[in-house]
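Notes follow the structure.
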Amino acid sequence: MHAERQLKILAKEIVACERCPRLRAYCQEIGRVKRRAYRDETYWAKPVPGFGDPRAKLLIVGLAPGAHGANRTGRMFTGDRSGEYLYRALHETGFASQPNAVSREDGLVLTGAYIGAPGRCAPPDNKPAKEELANCREYLEREIDLLKEVRVVVALGSIGFATYLSILRDRGLIRRLIDFKFGHGVEYPIPNGPVLIGCYHPSQQNTSTGRLTHEMLQGVFRTADLLVRAELPARFEDDRRRGRPARSGGPPST
Ligand code: SF4
């Protein structure tokens, strides 16, 4: 079956998921109480499926929906400050058709990129429990299996980074998680797999404190764009040939 069709079937399954009672109750409660600015809106208040291009070469792995962002609008990173940061950078680097993401009907199209996450339900304090992440990991795995053209994975935050690596480890593609240290701009070529890039999450906590600037986020996606367009740069070739699990550096070269 075509990947696009299979992703749609998977999306329906995710939206109907009830595996984590705490998160399902929390999302519904947020949708009932609402934030004052959105009191006339009907919140989505269901799990949020992945979003993007079925032929993506870039996979972005976030954390989980924001309570008044994706949990309100029903689309990844849509309707909050994190999304403003992310989609602006994706638009400037050619992956998004527009810099704004306000609703599922706003016309935004991703080209060559797909956004998934380790958690599909908004968690209290933005902190999903370990068992909730374990419940949800299967959905990201199935997206990975369907997105066969992915060459670069950008993990937004340490939880997305660790979850993606845990999938690789369980599939025998890497041996030890300890060889991969999260940081902004670190790059790891995975033998027989994509290049994994670490990136600080565009949460308000990071962007309002200057830990993550627009230029830093844009730099990561410029690097991702170079990698998906070109053959892997020479600096990776030795690592891949030797099957080395890791190479890291400072901010990505742009
Ligand atoms: S977090 Fe994932 S596994 Fe848990 S209820 Fe939501 S969609 Fe289902």
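The chains in the structure tokens are called A, B, ... from first to last as shown; in each chain the residues are counted from 1, and the ligands are counted from 1 in the order shown.
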
Write out as a ChimeraX atom specification the residues lying within 12 Å of stretch 79-82 of chain A, counting only C-alpha atoms and excluding same-chain residues fewer than 2 positions away.
/A:37-38,43-44,62-77,84-89,100-106,156,200-208,212-214,217

Quick one: residues within 12 Å of A:Leu146, only C-alpha atoms counted, chain neighbours fewer than 6 positions away excluded, as a ChimeraX atom specification?
/A:1-10,50,53-57,59,114,139-140

Using only C-alpha atoms and all ligand atoms: which of A:Ala45, A:Cys136, A:Ile30, A:Ala96 has the shortest distance to ligand 1
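Between A:Ala45, A:Cys136, A:Ile30, A:Ala96, the residue approaching ligand 1 most closely is A:Cys136.
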
Using only C-alpha atoms and all ligand atoms, find each residue of chain A with at least one atom at most 12 Å away from an atom of ligand 1; report its shortest atom-to-atom pair and that distance in Å (one decimal), sort the rows by chain and rising residue number, and return the result as a tab-separated table.
residue	atom	partner	partner_atom_place_in_ligand_line	distance
A:Leu10	CA	ligand 1	7 (S)	11.0
A:Ala11	CA	ligand 1	7 (S)	9.9
A:Lys12	CA	ligand 1	7 (S)	10.6
A:Glu13	CA	ligand 1	7 (S)	8.6
A:Ile14	CA	ligand 1	7 (S)	5.3
A:Val15	CA	ligand 1	7 (S)	6.7
A:Ala16	CA	ligand 1	7 (S)	7.7
A:Cys17	CA	ligand 1	8 (Fe)	4.3
A:Glu18	CA	ligand 1	5 (S)	4.4
A:Arg19	CA	ligand 1	5 (S)	4.3
A:Cys20	CA	ligand 1	5 (S)	4.0
A:Pro21	CA	ligand 1	5 (S)	6.7
A:Arg22	CA	ligand 1	5 (S)	8.3
A:Leu23	CA	ligand 1	5 (S)	6.2
A:Arg24	CA	ligand 1	5 (S)	5.9
A:Ala25	CA	ligand 1	5 (S)	9.5
A:Tyr26	CA	ligand 1	6 (Fe)	10.4
A:Cys27	CA	ligand 1	6 (Fe)	9.2
A:Gln28	CA	ligand 1	6 (Fe)	11.5
A:Ala45	CA	ligand 1	6 (Fe)	10.4
A:Lys46	CA	ligand 1	6 (Fe)	7.7
A:Pro47	CA	ligand 1	7 (S)	4.8
A:Val48	CA	ligand 1	7 (S)	7.2
A:Pro49	CA	ligand 1	7 (S)	8.1
A:Gly50	CA	ligand 1	7 (S)	10.9
A:Leu63	CA	ligand 1	1 (S)	10.6
A:Ala64	CA	ligand 1	1 (S)	8.1
A:Pro65	CA	ligand 1	1 (S)	9.5
A:Asn71	CA	ligand 1	6 (Fe)	10.9
A:Gly116	CA	ligand 1	2 (Fe)	11.6
A:Ala117	CA	ligand 1	2 (Fe)	9.4
A:Pro118	CA	ligand 1	2 (Fe)	7.8
A:Gly119	CA	ligand 1	1 (S)	4.9
A:Arg120	CA	ligand 1	7 (S)	4.6
A:Cys121	CA	ligand 1	6 (Fe)	4.3
A:Ala122	CA	ligand 1	1 (S)	7.6
A:Pro123	CA	ligand 1	1 (S)	8.1
A:Pro124	CA	ligand 1	1 (S)	11.6
A:Asn126	CA	ligand 1	1 (S)	11.8
A:Lys127	CA	ligand 1	1 (S)	11.1
A:Pro128	CA	ligand 1	1 (S)	7.8
A:Ala129	CA	ligand 1	1 (S)	9.4
A:Lys130	CA	ligand 1	1 (S)	10.6
A:Glu131	CA	ligand 1	4 (Fe)	8.8
A:Glu132	CA	ligand 1	4 (Fe)	5.4
A:Leu133	CA	ligand 1	1 (S)	6.7
A:Ala134	CA	ligand 1	3 (S)	7.7
A:Asn135	CA	ligand 1	3 (S)	4.5
A:Cys136	CA	ligand 1	3 (S)	3.7
A:Arg137	CA	ligand 1	3 (S)	7.5
A:Glu138	CA	ligand 1	3 (S)	8.2
A:Tyr139	CA	ligand 1	2 (Fe)	7.6
A:Leu140	CA	ligand 1	2 (Fe)	9.6

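On the backbone of this structure, DSSP gives strand (DSSP E or B) within stretch 10-251 of chain A to Phe51, Gly52, Leu58, Leu59, Ile60, Val61, Ala96, Leu110, Ala113, Tyr114, Ile115, Gly116, Val152, Val153, Val154, Ala155, Leu156, Glu187, Tyr188, Pro189, Val195, Leu196, Ile197, Gly198 and Cys199 of chain A.
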
Residue list (helix (DSSP H, G or I), DSSP) for stretch 14-227 of chain A, as an NGL selection string:
:A and (14-15 or 21-33 or 36-38 or 70-73 or 81-92 or 124-126 or 130-146 or 158-170 or 177-179 or 204-208 or 214-227)

Which is closer to A:Phe51 than all the others in A:Ala113, A:Pro99, A:Phe221, A:Val33, using only C-alpha atoms?
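Result for the nearest residue to A:Phe51: A:Ala113.
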
Just to confirm, what's the straight-line distance from atom CA of A:Thr223 to atom CA of A:Ile159 in Å (one decimal)?
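If I compute the distance from atom CA of A:Thr223 to atom CA of A:Ile159, I get 21.2 Å.
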
For A:Ala155, find every residue with an atom within 6 Å (counting only C-alpha atoms), except residues of its own chain fewer than 5 positions away, and show them as a PyMOL selection string.
chain A and resi 60-61+160-161+198-199

Saved selection, atoms kept: N, CA, C and O atoms, as a CSV table (one decimal), in the first residue's frame:
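This went into selection20.csv:
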chain,number,residue,atom,x,y,z
A,60,ILE,N,11.6,15.3,11.5
A,60,ILE,CA,11.7,16.1,12.7
A,60,ILE,C,11.0,15.4,13.9
A,60,ILE,O,9.9,15.0,13.7
A,61,VAL,N,11.7,15.2,15.0
A,61,VAL,CA,11.2,14.5,16.1
A,61,VAL,C,11.1,15.5,17.3
A,61,VAL,O,12.1,15.9,17.8
A,160,GLY,N,13.2,13.6,22.5
A,160,GLY,CA,13.1,13.1,21.1
A,160,GLY,C,14.4,12.4,20.6
A,160,GLY,O,14.3,11.4,20.0
A,161,PHE,N,15.5,13.0,21.0
A,161,PHE,CA,16.8,12.4,20.7
A,161,PHE,C,17.0,11.0,21.3
A,161,PHE,O,17.3,10.1,20.6
A,198,GLY,N,21.1,16.9,16.7
A,198,GLY,CA,20.5,17.4,17.9
A,198,GLY,C,20.2,18.8,17.8
A,198,GLY,O,20.9,19.6,17.2
A,199,CYS,N,19.1,19.2,18.4
A,199,CYS,CA,18.6,20.7,18.3
A,199,CYS,C,17.9,21.0,19.6
A,199,CYS,O,17.0,20.2,20.0

Grab the atom CA of A:Arg151 to atom CA of A:Arg176 distance for me, in Å with one decimal place.
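Atom CA of A:Arg151 sits 21.1 Å away from atom CA of A:Arg176.
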
Between A:Val195, A:Asp179, A:Leu168, A:Gly52, single out the one closest to A:Thr111, counting only C-alpha atoms.
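For A:Thr111, the nearest of the candidates is A:Gly52.
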
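Minimum distance to A:Glu149 across A:Pro194, A:Pro189, A:Gly183, A:Gly107 (counting only C-alpha atoms) occurs at A:Pro194.
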